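A.B. asks: Here it is: the structure, laid out below.
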Amino acid sequence: MKYENLLIGIENKIAIVTLNRPEKLNALNKKTLAELHTVFSELEQDELVQAIILTGSGDKAFVAGADISEFAHFSKEEGTKLAAEGHEKVFNLIENLTKPVIAAIHGYVLGGGLELALACHFRIASDNSKLGFPEVTLGLIPGYGGTQRLPRLIGKGRAMEMILTASTITANIAREYGLVNHVVPKSGLLEFCTGVAEKITKNAPIAVTEAILAINASYDRSKNGYEEEINAFGRLFDTADFKEGTAAFLEKRKANFSGK
């Protein structure tokens, strides 16, 4: 399936999803959000995919924010609906995907673009990245989860400062804050991310999924993360991958996981 604003490539169990509006600095518009919902819903069900890398085309930006022209004249009700649908269909979908999503960020990573990166399971940045939330300069606040996910990663004080001052930070500061895991040269960003994804795909797929769900449960107030971990740990004993993994360990060979 072809998309207007996305490029999709799948190789060696890794999908690369590229936001492709470089002339608009990959700004998120309604069409792009709808396509992201469709793509991630499909990749969730694709048995050939075990890890996903999300990035942006061009040299200037991962995503420089939302397409302001689409909502500049919205009412309160329309603004509320915009945020609610975005949460449900894209940002929460990505955060709770059972396959790991790595954000390969570069250039400007602002507003909705930073929120998109925050929804991913972790982030790897190029050394030219500039990250920030400029929403208060528009009379708004981050509306796609930024006020919730950012403090979890970097702490309340730093999140308050970033959001209230609308300041941008460099990739190295983002790494110091714990917002990104690694900083690499722009020319090697996708290669580095692919290397990390390949490490993940060598592991038992069901165990990877259960680990994602257990970690996410620790941030869900409706769940007891410890109970989720215990139950997930127990479920894995019934999988073929557990039997293969332990047998391979005892036989001193590489495991050949089936994902079952």
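Identifiers in this document derive from the order of the structure tokens: chains are assigned A, B, ..., residues are numbered from 1 separately in each chain, and ligands are numbered from 1 in order of occurrence.
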Using DSSP assignments from the backbone, pull out every residue in stretch 17-222 of chain A that falls under strand (DSSP E or B) and give it to me as a VMD selection string.
C.D. replies: chain A and resid 17 to 19 28 51 to 56 61 to 63 66 101 to 105 107 to 110 122 to 126 130 to 132 168 to 170 182 to 184
A.B. asks: Would you mind listing what lies within 10 Å of stretch 22-32 of chain A as number ranges by chain, with only C-alpha atoms counted and same-chain residues fewer than 2 positions away left out?
C.D. replies: A: 3-6, 18-20, 34-38, 55-71, 82, 86, 107-113, 116
A.B. asks: Between A:Phe122, A:Phe40, A:Phe192, A:Phe74, which is the closest to A:Leu93 once you count only C-alpha atoms?
C.D. replies: A:Phe40
A.B. asks: Show me a table, sorted first by chain and then by increasing residue number, of the residues of stretch 167-200 of chain A having an atom at most 12 Å from stretch 206-224 of chain A, each with its shortest atom pair and the distance in Å to one decimal, counting only C-alpha atoms and written as a Markdown table.
C.D. replies:
```
| residue | atom | partner | partner_atom | distance |
| --- | --- | --- | --- | --- |
| A:Ala197 | CA | A:Val208 | CA | 11.8 |
| A:Lys199 | CA | A:Val208 | CA | 11.3 |
| A:Ile200 | CA | A:Val208 | CA | 7.8 |
```
A.B. asks: Looking at A:Ala248, A:Leu190, A:Ala15, A:Val90, which one is nearest to A:Ala125, with distances taken over only C-alpha atoms?
C.D. replies: A:Leu190
